[in-house]
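In what follows, a single structure is set out as structure tokens and then discussed.
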Amino acid sequence: MLHLIHPVVVHLTVAFLIVGGRELITDGVPAIGQLAPLPDSATDLFQTFTSGWRTIGLGTTAAAPTAFAGIAFAGIALFGQMGLLHTLLALLPMLIGLIGMWRLTAPIGSVRPRIASLVVYAAVPLPYNAISNGRWDGLVAYAALPWVLSHLAGASELAPFDARPPRRWWASVIGLGVVIALAMAVVPFVLVLVVMVATSVVLASVLVGGWRGALRAFGVALGALVVAVVLHLPWSATVLWPGGDWSGFGGVEPAGVGTLSLGEILRFETGSLGAAPLGWAFLVAGALALVLGRGWRLSWATRAWTIAAVPFALVWASSRGWVTVGLPSAEALLAPAAAALALAAGLGIAAFEIDLRGYRFGWRQLASLVAAAAIVVGMVPALIAASEGRWRAPHSDFAASLGFMDQDPEAGAFRVLWLGQPSILPLAGWQLGEGVAYATSDNGPPDVTDLWVGSAPDSTQLIAQSVSLAANGQTDRLGHLLGPMGIRYVVVPDRLAPAIDDTPLVPAPAALTIALASQLDLRHVEVDDALDVYENTAWTPVRSLQPPSRPDAAEEAPPVAPQPVLLDETGVATFTGELATGTVVVADAATDRWTLRVSDDEVPRQTAHGWANSYAVADPGAGSLSFDTPLARTLAVTGQAAVWLLAIVLLLRWKTSIRWPRGARATVPASPAPDASSVASAELETSGAPT
């Protein structure tokens, strides 16, 4: 009968995910928070990765994230169906995480412990809250952590994970390194999460035994971190460079500041799912192994609870305001705790099968019933949420509300300045003040390319300085300060989604909103009650032409407004159009890599406004502005591709060279041995753990 349970559970799990996300599958995932829309063209996204120019802030030559290439290749594999890819990137992490949990728990006993761990991990509200909160980092961390735990457990070679086929040390390092690198593409902070998990395993092993194996796993983790960083060079260097902006690595603000209580954290109640009393079921289910377990069941349960305790403590300290640096979302930080508790639940069922017979009848039998009931009860909130068909995600996003922004391409290229609480901004940014971040998007709402930022260049910091002047009451003409930067709109969201969805209100500080409302050159635009949108009446197109001044013009004559030019985008960072005589100003961060040619003649570049680019055009003609990709960037892309290819080839080589132990591929018996007490004694000697 047990051999029939396996496929049934797999099919039910897949059905649960499909039913729970059926509306998101058919209608698409709303572009909220970090679930930003993808560009229309996968090839353009790849060219953005290789070009050497990024549009964040006022533009930068910093290396592009490896995620650009990964998303581009996935889009090409799906024949350019970027909408479908957007849905898959949001929903597949849940399935990947559950597959990882099934793999992690393979050695711990019969199919029943694996089912328990799978059910608990599927019932934890973390990924569904991540969907409804628009937290892609939480979804990716949920997908990655079971695989991280699986690799670390295998590297420790501690029972029962010593029954797996032997690995060469380099295979363990590279295998875990690739897993970390895939997660790091979205969540750079996963490097810290891996260190937290590996350190917790070592600390717990000092108490329960097996510390040599734990140190071996810790060494593999450190080696894997190096592999992950190398796989992301040169982008990882810009993120991890000492003295750089922490925002690109950890985030703008601590997680859950002033919003999460200790009870909510322990129940994984980071959103609308996880309410008491049913939310406590996961802790109850995970505690059974500590009550019944002996040998490796008790040892690994202790390690699992130690792993869970660290992120619980970190998020709680952050919510209390004791952490002063920026962190990822609470969903991402709590992913190790969710994976560890799910593992502990499976260990509890294994202890029920193997160890319970070694005890006299008493309260431990009752505890087993309570834990089993907790697993069943813990499923209820997730099942209710699944019945709704969209994991409580909003029904809409701001794409329709802000669609008016790009309806007049003849007006010229422009930027949108986003201000507000970091948790609801639809893009990544930099810290402006306490609880406020700022960021820019090009020509309308942001897309996925705006989710990664490094250190803010000096030119971009001028935006923060200008807004600070207005917030401090030192100017009432903020539009004139932002105008030369091509900023046409200023958007301050108060909610994650349009007001009709009634998502939680997260207002920006009153001082900021009052200051914006009092600016003489910012015109309020009625769009949606969840947004404050201002149009800058003093903006200048990003690429504009200032006609030459006429000597015979009257002194009192008003200056001629700059005209938009180079309106045709013929490639990534390439713009063309007819140019008249005058000065072309390109409101991008100054760099010699921008080249303007008029009638095939190169025009010398000068610096405008102290941070932008300008070109004095003497004769009219066909103009072409392009960014010249540095040779170093081309070599870096080639080298990075070679490193990824090498890692994949080595992993495939290891996979094909595995030598399984004599007997069979299955190394764990399907049912417990008849003499439970003797089995427990033998396992105690193997693991070195106390009873």
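Letters for chains follow the order of the structure tokens (A, B, ...), residue numbers begin at 1 for each chain, and ligand numbers begin at 1 in the order shown.
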Item to check | In segment 460-642 of chain A, DSSP helix (DSSP H, G or I) residues written as an NGL selection string | outcome: :A and (460-471 or 478-485 or 499-501 or 510-517 or 631-642)
Wanna dump the segment 367-432 of chain A-segment 439-454 of chain A contacts at 12 Å for me, each residue with its shortest atom pair and the distance in Å to one decimal, counting only C-alpha atoms, ordered by chain and number, as JSON lines?
```
{"residue": "A:Asp397", "atom": "CA", "partner": "A:Pro445", "partner_atom": "CA", "distance": 10.7}
{"residue": "A:Phe398", "atom": "CA", "partner": "A:Pro445", "partner_atom": "CA", "distance": 8.1}
{"residue": "A:Ala399", "atom": "CA", "partner": "A:Pro445", "partner_atom": "CA", "distance": 7.0}
{"residue": "A:Ala400", "atom": "CA", "partner": "A:Pro445", "partner_atom": "CA", "distance": 10.0}
{"residue": "A:Ser401", "atom": "CA", "partner": "A:Pro445", "partner_atom": "CA", "distance": 9.9}
{"residue": "A:Leu402", "atom": "CA", "partner": "A:Pro445", "partner_atom": "CA", "distance": 7.0}
{"residue": "A:Gly403", "atom": "CA", "partner": "A:Gly444", "partner_atom": "CA", "distance": 7.6}
{"residue": "A:Phe404", "atom": "CA", "partner": "A:Gly444", "partner_atom": "CA", "distance": 8.6}
{"residue": "A:Met405", "atom": "CA", "partner": "A:Gly444", "partner_atom": "CA", "distance": 5.6}
{"residue": "A:Asp406", "atom": "CA", "partner": "A:Gly444", "partner_atom": "CA", "distance": 6.0}
{"residue": "A:Gln407", "atom": "CA", "partner": "A:Gly444", "partner_atom": "CA", "distance": 9.7}
{"residue": "A:Asp408", "atom": "CA", "partner": "A:Asn443", "partner_atom": "CA", "distance": 10.1}
{"residue": "A:Pro409", "atom": "CA", "partner": "A:Asn443", "partner_atom": "CA", "distance": 8.9}
{"residue": "A:Glu410", "atom": "CA", "partner": "A:Asn443", "partner_atom": "CA", "distance": 11.9}
{"residue": "A:Ala411", "atom": "CA", "partner": "A:Asn443", "partner_atom": "CA", "distance": 10.7}
{"residue": "A:Gly412", "atom": "CA", "partner": "A:Asn443", "partner_atom": "CA", "distance": 8.9}
{"residue": "A:Ala413", "atom": "CA", "partner": "A:Asn443", "partner_atom": "CA", "distance": 6.1}
{"residue": "A:Phe414", "atom": "CA", "partner": "A:Asn443", "partner_atom": "CA", "distance": 5.2}
{"residue": "A:Arg415", "atom": "CA", "partner": "A:Asp442", "partner_atom": "CA", "distance": 4.6}
{"residue": "A:Val416", "atom": "CA", "partner": "A:Ser441", "partner_atom": "CA", "distance": 5.2}
{"residue": "A:Leu417", "atom": "CA", "partner": "A:Thr440", "partner_atom": "CA", "distance": 4.6}
{"residue": "A:Trp418", "atom": "CA", "partner": "A:Ala439", "partner_atom": "CA", "distance": 5.2}
{"residue": "A:Leu419", "atom": "CA", "partner": "A:Ala439", "partner_atom": "CA", "distance": 6.9}
{"residue": "A:Gly420", "atom": "CA", "partner": "A:Ala439", "partner_atom": "CA", "distance": 9.5}
{"residue": "A:Gln421", "atom": "CA", "partner": "A:Ala439", "partner_atom": "CA", "distance": 11.3}
{"residue": "A:Pro422", "atom": "CA", "partner": "A:Ala439", "partner_atom": "CA", "distance": 9.8}
{"residue": "A:Leu425", "atom": "CA", "partner": "A:Ala439", "partner_atom": "CA", "distance": 8.7}
{"residue": "A:Pro426", "atom": "CA", "partner": "A:Pro446", "partner_atom": "CA", "distance": 7.0}
{"residue": "A:Leu427", "atom": "CA", "partner": "A:Leu451", "partner_atom": "CA", "distance": 5.0}
{"residue": "A:Ala428", "atom": "CA", "partner": "A:Leu451", "partner_atom": "CA", "distance": 4.7}
{"residue": "A:Gly429", "atom": "CA", "partner": "A:Ala439", "partner_atom": "CA", "distance": 4.5}
{"residue": "A:Trp430", "atom": "CA", "partner": "A:Ala439", "partner_atom": "CA", "distance": 6.6}
{"residue": "A:Gln431", "atom": "CA", "partner": "A:Ala439", "partner_atom": "CA", "distance": 9.1}
{"residue": "A:Leu432", "atom": "CA", "partner": "A:Ala439", "partner_atom": "CA", "distance": 9.5}
```
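Among the candidate residues A:Pro30, A:Gly251, A:Pro493, A:Pro7, the one lying nearest to Val325 of chain A is A:Gly251, with distances computed using only C-alpha atoms.
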Next on the checklist: Using DSSP assignments from the backbone, pull out every residue in segment 309-533 of chain A that falls under strand (DSSP E or B) and give it to me as a VMD selection string.
Outcome noted: chain A and resid 415 to 420 430 to 433 436 to 442 487 to 493 522 to 525 531 to 533
Can you write out the residues you just picked, keeping N, CA and C atoms, as a PDB file, in the first residue's frame?
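Dumped to again.pdb:
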```
ATOM      1  N   ARG A 415      11.559  60.245 -17.158  1.00  0.00           N
ATOM      2  CA  ARG A 415      11.707  59.366 -16.001  1.00  0.00           C
ATOM      3  C   ARG A 415      10.548  59.586 -15.033  1.00  0.00           C
ATOM      4  N   VAL A 416      10.287  58.554 -14.236  1.00  0.00           N
ATOM      5  CA  VAL A 416       9.315  58.630 -13.154  1.00  0.00           C
ATOM      6  C   VAL A 416      10.060  58.448 -11.848  1.00  0.00           C
ATOM      7  N   LEU A 417       9.874  59.359 -10.935  1.00  0.00           N
ATOM      8  CA  LEU A 417      10.490  59.266  -9.610  1.00  0.00           C
ATOM      9  C   LEU A 417       9.490  58.642  -8.651  1.00  0.00           C
ATOM     10  N   TRP A 418       9.898  57.550  -7.998  1.00  0.00           N
ATOM     11  CA  TRP A 418       9.058  56.847  -7.035  1.00  0.00           C
ATOM     12  C   TRP A 418       9.567  57.128  -5.629  1.00  0.00           C
ATOM     13  N   LEU A 419       8.641  57.504  -4.743  1.00  0.00           N
ATOM     14  CA  LEU A 419       8.969  57.792  -3.359  1.00  0.00           C
ATOM     15  C   LEU A 419       7.981  57.064  -2.458  1.00  0.00           C
ATOM     16  N   GLY A 420       8.450  56.560  -1.317  1.00  0.00           N
ATOM     17  CA  GLY A 420       7.521  55.927  -0.384  1.00  0.00           C
ATOM     18  C   GLY A 420       8.155  54.818   0.416  1.00  0.00           C
ATOM     19  N   TRP A 430      16.961  53.312  -3.215  1.00  0.00           N
ATOM     20  CA  TRP A 430      17.936  53.693  -2.204  1.00  0.00           C
ATOM     21  C   TRP A 430      17.235  54.455  -1.086  1.00  0.00           C
ATOM     22  N   GLN A 431      17.859  54.475   0.061  1.00  0.00           N
ATOM     23  CA  GLN A 431      17.236  55.110   1.218  1.00  0.00           C
ATOM     24  C   GLN A 431      17.296  56.628   1.093  1.00  0.00           C
ATOM     25  N   LEU A 432      16.147  57.246   1.296  1.00  0.00           N
ATOM     26  CA  LEU A 432      16.056  58.704   1.305  1.00  0.00           C
ATOM     27  C   LEU A 432      16.022  59.226   2.730  1.00  0.00           C
ATOM     28  N   GLY A 433      15.294  58.551   3.585  1.00  0.00           N
ATOM     29  CA  GLY A 433      15.173  58.891   4.991  1.00  0.00           C
ATOM     30  C   GLY A 433      14.590  57.698   5.715  1.00  0.00           C
ATOM     31  N   VAL A 436      11.643  55.687   4.096  1.00  0.00           N
ATOM     32  CA  VAL A 436      11.370  56.226   2.762  1.00  0.00           C
ATOM     33  C   VAL A 436      12.509  55.835   1.825  1.00  0.00           C
ATOM     34  N   ALA A 437      12.140  55.357   0.651  1.00  0.00           N
ATOM     35  CA  ALA A 437      13.116  55.047  -0.389  1.00  0.00           C
ATOM     36  C   ALA A 437      12.769  55.841  -1.643  1.00  0.00           C
ATOM     37  N   TYR A 438      13.751  55.955  -2.534  1.00  0.00           N
ATOM     38  CA  TYR A 438      13.513  56.616  -3.809  1.00  0.00           C
ATOM     39  C   TYR A 438      14.131  55.774  -4.924  1.00  0.00           C
ATOM     40  N   ALA A 439      13.521  55.840  -6.086  1.00  0.00           N
ATOM     41  CA  ALA A 439      13.995  55.101  -7.249  1.00  0.00           C
ATOM     42  C   ALA A 439      13.382  55.727  -8.488  1.00  0.00           C
ATOM     43  N   THR A 440      13.900  55.374  -9.644  1.00  0.00           N
ATOM     44  CA  THR A 440      13.370  55.897 -10.900  1.00  0.00           C
ATOM     45  C   THR A 440      13.075  54.759 -11.863  1.00  0.00           C
ATOM     46  N   SER A 441      12.115  55.009 -12.730  1.00  0.00           N
ATOM     47  CA  SER A 441      11.835  54.113 -13.853  1.00  0.00           C
ATOM     48  C   SER A 441      11.777  54.946 -15.116  1.00  0.00           C
ATOM     49  N   ASP A 442      11.971  54.301 -16.254  1.00  0.00           N
ATOM     50  CA  ASP A 442      12.019  55.013 -17.527  1.00  0.00           C
ATOM     51  C   ASP A 442      10.692  54.923 -18.268  1.00  0.00           C
ATOM     52  N   ILE A 487      12.876  64.047 -15.150  1.00  0.00           N
ATOM     53  CA  ILE A 487      11.812  63.513 -14.290  1.00  0.00           C
ATOM     54  C   ILE A 487      10.519  64.262 -14.579  1.00  0.00           C
ATOM     55  N   ARG A 488       9.590  63.546 -15.191  1.00  0.00           N
ATOM     56  CA  ARG A 488       8.318  64.147 -15.587  1.00  0.00           C
ATOM     57  C   ARG A 488       7.224  63.894 -14.553  1.00  0.00           C
ATOM     58  N   TYR A 489       7.278  62.756 -13.876  1.00  0.00           N
ATOM     59  CA  TYR A 489       6.252  62.399 -12.894  1.00  0.00           C
ATOM     60  C   TYR A 489       6.911  61.999 -11.575  1.00  0.00           C
ATOM     61  N   VAL A 490       6.217  62.310 -10.507  1.00  0.00           N
ATOM     62  CA  VAL A 490       6.586  61.866  -9.162  1.00  0.00           C
ATOM     63  C   VAL A 490       5.409  61.055  -8.623  1.00  0.00           C
ATOM     64  N   VAL A 491       5.673  59.822  -8.204  1.00  0.00           N
ATOM     65  CA  VAL A 491       4.615  58.918  -7.750  1.00  0.00           C
ATOM     66  C   VAL A 491       4.910  58.481  -6.321  1.00  0.00           C
ATOM     67  N   VAL A 492       3.900  58.610  -5.458  1.00  0.00           N
ATOM     68  CA  VAL A 492       4.007  58.182  -4.066  1.00  0.00           C
ATOM     69  C   VAL A 492       2.872  57.194  -3.787  1.00  0.00           C
ATOM     70  N   PRO A 493       3.139  55.881  -3.774  1.00  0.00           N
ATOM     71  CA  PRO A 493       2.072  54.917  -3.480  1.00  0.00           C
ATOM     72  C   PRO A 493       1.794  54.820  -1.982  1.00  0.00           C
ATOM     73  N   LEU A 522       4.653  71.311  -9.330  1.00  0.00           N
ATOM     74  CA  LEU A 522       4.172  69.937  -9.392  1.00  0.00           C
ATOM     75  C   LEU A 522       2.647  69.959  -9.406  1.00  0.00           C
ATOM     76  N   ARG A 523       2.068  69.409 -10.459  1.00  0.00           N
ATOM     77  CA  ARG A 523       0.611  69.407 -10.620  1.00  0.00           C
ATOM     78  C   ARG A 523       0.056  68.041 -10.256  1.00  0.00           C
ATOM     79  N   HIS A 524      -0.850  68.011  -9.291  1.00  0.00           N
ATOM     80  CA  HIS A 524      -1.416  66.734  -8.847  1.00  0.00           C
ATOM     81  C   HIS A 524      -2.321  66.153  -9.937  1.00  0.00           C
ATOM     82  N   VAL A 525      -2.164  64.846 -10.185  1.00  0.00           N
ATOM     83  CA  VAL A 525      -2.951  64.147 -11.196  1.00  0.00           C
ATOM     84  C   VAL A 525      -3.822  63.113 -10.495  1.00  0.00           C
ATOM     85  N   LEU A 531      -2.608  56.083  -4.924  1.00  0.00           N
ATOM     86  CA  LEU A 531      -1.422  56.745  -5.466  1.00  0.00           C
ATOM     87  C   LEU A 531      -1.567  58.255  -5.372  1.00  0.00           C
ATOM     88  N   ASP A 532      -0.468  58.918  -5.071  1.00  0.00           N
ATOM     89  CA  ASP A 532      -0.353  60.359  -5.262  1.00  0.00           C
ATOM     90  C   ASP A 532       0.585  60.572  -6.445  1.00  0.00           C
ATOM     91  N   VAL A 533       0.057  61.089  -7.532  1.00  0.00           N
ATOM     92  CA  VAL A 533       0.837  61.289  -8.748  1.00  0.00           C
ATOM     93  C   VAL A 533       0.926  62.782  -9.030  1.00  0.00           C
TER      94      VAL A 533
END
```
Next on the checklist: If we count only C-alpha atoms and set the cut-off at 8 Å, which residues sit around Ile307 of chain A, ignoring sequence neighbours fewer than 6 positions away in its own chain? Please answer as a PyMOL selection string.
Outcome noted: chain A and resi 196-197+200-201+336-337+340
Next on the checklist: I'd like the contact shell of Pro160 of chain A - 7 Å cut-off, only C-alpha atoms, skipping same-chain residues fewer than 5 positions apart - returned as a list in words.
Outcome noted: Pro107, Ile108 and Trp296 of chain A
Now that the selection is made, can you save its residues with C-alpha atoms as a compact mmCIF listing (two decimals), in the first residue's frame?
```txt
# COMPACT_ATOMS: atom_id res chain seq x y z
CA PRO A 107 16.71 9.30 3.89
CA ILE A 108 14.77 9.82 7.13
CA TRP A 296 19.69 10.67 14.65
```
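Among the candidate residues A:Val111, A:Ile174, A:Ala632, A:Ala385, the one lying nearest to Trp644 of chain A is A:Ile174, with distances computed using only C-alpha atoms.
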Checklist outcome for this item: From the list A:Ala616, A:Ala155, A:Met94, A:Tyr534, the nearest residue to Val598 of chain A using only C-alpha atoms is A:Ala616
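Residues in contact with Ser544 of chain A at 6 Å, where only C-alpha atoms are counted and same-chain residues fewer than 3 positions away are skipped, are listed as Pro541, Pro562, Gln563, Pro564, Val565, Val584 and Val585 of chain A.
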Checklist entry - Quick one: residues within 10 Å of Leu24 of chain A, only C-alpha atoms counted, chain neighbours fewer than 2 positions away excluded, as JSON, numbers by chain? => result {"A": [18, 19, 20, 21, 22, 26, 27, 28, 29, 30, 87, 88, 90, 91, 389, 390, 391, 393, 395]}
Generate the output file for the selected residues, N, CA, C and O atoms, as a PDB file, in the first residue's frame.
```
ATOM      1  N   ILE A  18      -2.131  23.986  -8.304  1.00  0.00           N
ATOM      2  CA  ILE A  18      -2.866  24.440  -9.485  1.00  0.00           C
ATOM      3  C   ILE A  18      -4.212  25.039  -9.085  1.00  0.00           C
ATOM      4  O   ILE A  18      -4.604  26.116  -9.567  1.00  0.00           O
ATOM      5  N   VAL A  19      -4.922  24.348  -8.194  1.00  0.00           N
ATOM      6  CA  VAL A  19      -6.219  24.856  -7.755  1.00  0.00           C
ATOM      7  C   VAL A  19      -6.050  26.176  -7.009  1.00  0.00           C
ATOM      8  O   VAL A  19      -6.799  27.135  -7.221  1.00  0.00           O
ATOM      9  N   GLY A  20      -5.051  26.238  -6.130  1.00  0.00           N
ATOM     10  CA  GLY A  20      -4.849  27.452  -5.349  1.00  0.00           C
ATOM     11  C   GLY A  20      -4.441  28.647  -6.177  1.00  0.00           C
ATOM     12  O   GLY A  20      -4.723  29.789  -5.805  1.00  0.00           O
ATOM     13  N   GLY A  21      -3.781  28.418  -7.304  1.00  0.00           N
ATOM     14  CA  GLY A  21      -3.342  29.535  -8.142  1.00  0.00           C
ATOM     15  C   GLY A  21      -4.011  29.569  -9.494  1.00  0.00           C
ATOM     16  O   GLY A  21      -3.489  30.184 -10.432  1.00  0.00           O
ATOM     17  N   ARG A  22      -5.197  28.967  -9.603  1.00  0.00           N
ATOM     18  CA  ARG A  22      -5.839  28.821 -10.907  1.00  0.00           C
ATOM     19  C   ARG A  22      -6.155  30.169 -11.561  1.00  0.00           C
ATOM     20  O   ARG A  22      -5.986  30.336 -12.770  1.00  0.00           O
ATOM     21  N   THR A  26      -4.593  31.592 -15.134  1.00  0.00           N
ATOM     22  CA  THR A  26      -5.420  31.982 -16.287  1.00  0.00           C
ATOM     23  C   THR A  26      -5.385  33.483 -16.562  1.00  0.00           C
ATOM     24  O   THR A  26      -5.387  33.903 -17.722  1.00  0.00           O
ATOM     25  N   ASP A  27      -5.357  34.289 -15.497  1.00  0.00           N
ATOM     26  CA  ASP A  27      -5.429  35.747 -15.668  1.00  0.00           C
ATOM     27  C   ASP A  27      -4.075  36.434 -15.581  1.00  0.00           C
ATOM     28  O   ASP A  27      -3.962  37.612 -15.921  1.00  0.00           O
ATOM     29  N   GLY A  28      -3.061  35.722 -15.105  1.00  0.00           N
ATOM     30  CA  GLY A  28      -1.755  36.335 -14.927  1.00  0.00           C
ATOM     31  C   GLY A  28      -1.559  36.850 -13.517  1.00  0.00           C
ATOM     32  O   GLY A  28      -2.515  37.185 -12.813  1.00  0.00           O
ATOM     33  N   VAL A  29      -0.302  36.911 -13.094  1.00  0.00           N
ATOM     34  CA  VAL A  29       0.048  37.396 -11.764  1.00  0.00           C
ATOM     35  C   VAL A  29       0.107  38.920 -11.791  1.00  0.00           C
ATOM     36  O   VAL A  29       0.754  39.498 -12.669  1.00  0.00           O
ATOM     37  N   PRO A  30      -0.571  39.608 -10.874  1.00  0.00           N
ATOM     38  CA  PRO A  30      -0.515  41.074 -10.878  1.00  0.00           C
ATOM     39  C   PRO A  30       0.902  41.574 -10.636  1.00  0.00           C
ATOM     40  O   PRO A  30       1.658  40.996  -9.851  1.00  0.00           O
ATOM     41  N   THR A  87       4.325  34.675 -15.076  1.00  0.00           N
ATOM     42  CA  THR A  87       3.501  33.820 -14.218  1.00  0.00           C
ATOM     43  C   THR A  87       4.313  32.660 -13.662  1.00  0.00           C
ATOM     44  O   THR A  87       4.212  32.325 -12.472  1.00  0.00           O
ATOM     45  N   LEU A  88       5.135  32.043 -14.497  1.00  0.00           N
ATOM     46  CA  LEU A  88       5.945  30.907 -14.042  1.00  0.00           C
ATOM     47  C   LEU A  88       6.966  31.332 -12.986  1.00  0.00           C
ATOM     48  O   LEU A  88       7.198  30.604 -12.009  1.00  0.00           O
ATOM     49  N   ALA A  90       6.652  33.504 -10.811  1.00  0.00           N
ATOM     50  CA  ALA A  90       5.972  33.749  -9.540  1.00  0.00           C
ATOM     51  C   ALA A  90       5.458  32.464  -8.906  1.00  0.00           C
ATOM     52  O   ALA A  90       5.451  32.341  -7.678  1.00  0.00           O
ATOM     53  N   LEU A  91       5.027  31.497  -9.710  1.00  0.00           N
ATOM     54  CA  LEU A  91       4.355  30.318  -9.166  1.00  0.00           C
ATOM     55  C   LEU A  91       5.258  29.089  -9.055  1.00  0.00           C
ATOM     56  O   LEU A  91       5.073  28.271  -8.149  1.00  0.00           O
ATOM     57  N   GLY A 389      -8.448  30.595  -5.145  1.00  0.00           N
ATOM     58  CA  GLY A 389      -7.907  30.531  -6.497  1.00  0.00           C
ATOM     59  C   GLY A 389      -6.823  31.516  -6.846  1.00  0.00           C
ATOM     60  O   GLY A 389      -6.317  31.502  -7.974  1.00  0.00           O
ATOM     61  N   ARG A 390      -6.384  32.369  -5.902  1.00  0.00           N
ATOM     62  CA  ARG A 390      -5.328  33.319  -6.249  1.00  0.00           C
ATOM     63  C   ARG A 390      -4.436  33.635  -5.047  1.00  0.00           C
ATOM     64  O   ARG A 390      -3.724  34.650  -5.036  1.00  0.00           O
ATOM     65  N   TRP A 391      -4.471  32.794  -4.038  1.00  0.00           N
ATOM     66  CA  TRP A 391      -3.624  32.968  -2.854  1.00  0.00           C
ATOM     67  C   TRP A 391      -3.760  34.370  -2.272  1.00  0.00           C
ATOM     68  O   TRP A 391      -2.805  34.941  -1.770  1.00  0.00           O
ATOM     69  N   ALA A 393      -3.938  37.160  -3.589  1.00  0.00           N
ATOM     70  CA  ALA A 393      -3.226  38.231  -4.289  1.00  0.00           C
ATOM     71  C   ALA A 393      -4.231  39.258  -4.789  1.00  0.00           C
ATOM     72  O   ALA A 393      -5.385  38.930  -5.080  1.00  0.00           O
ATOM     73  N   HIS A 395      -6.347  41.698  -7.235  1.00  0.00           N
ATOM     74  CA  HIS A 395      -6.894  41.401  -8.555  1.00  0.00           C
ATOM     75  C   HIS A 395      -6.320  42.307  -9.645  1.00  0.00           C
ATOM     76  O   HIS A 395      -6.508  42.032 -10.834  1.00  0.00           O
TER      77      HIS A 395
END
```
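Nearest to Arg135 of chain A of all the residues A:Ser329, A:Ala304, A:Gly286, A:Val194 is A:Ser329, counting only C-alpha atoms.
Atom pair atom CA of Leu341 of chain A / atom CA of Val227 of chain A has a distance of 27.9 Å (rounded to one decimal).
For the atom pair formed by atom CA of Gln546 of chain A and atom CA of Gln519 of chain A, the distance is 26.0 Å, given to one decimal.
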Item to check | Neighbour list for Leu625 of chain A as a list in words, cut-off 7 Å, only C-alpha atoms, skip fewer than 3 positions in-chain | outcome: Thr574, Phe575, Thr576, Trp594, Thr595, Leu596 and Arg597 of chain A
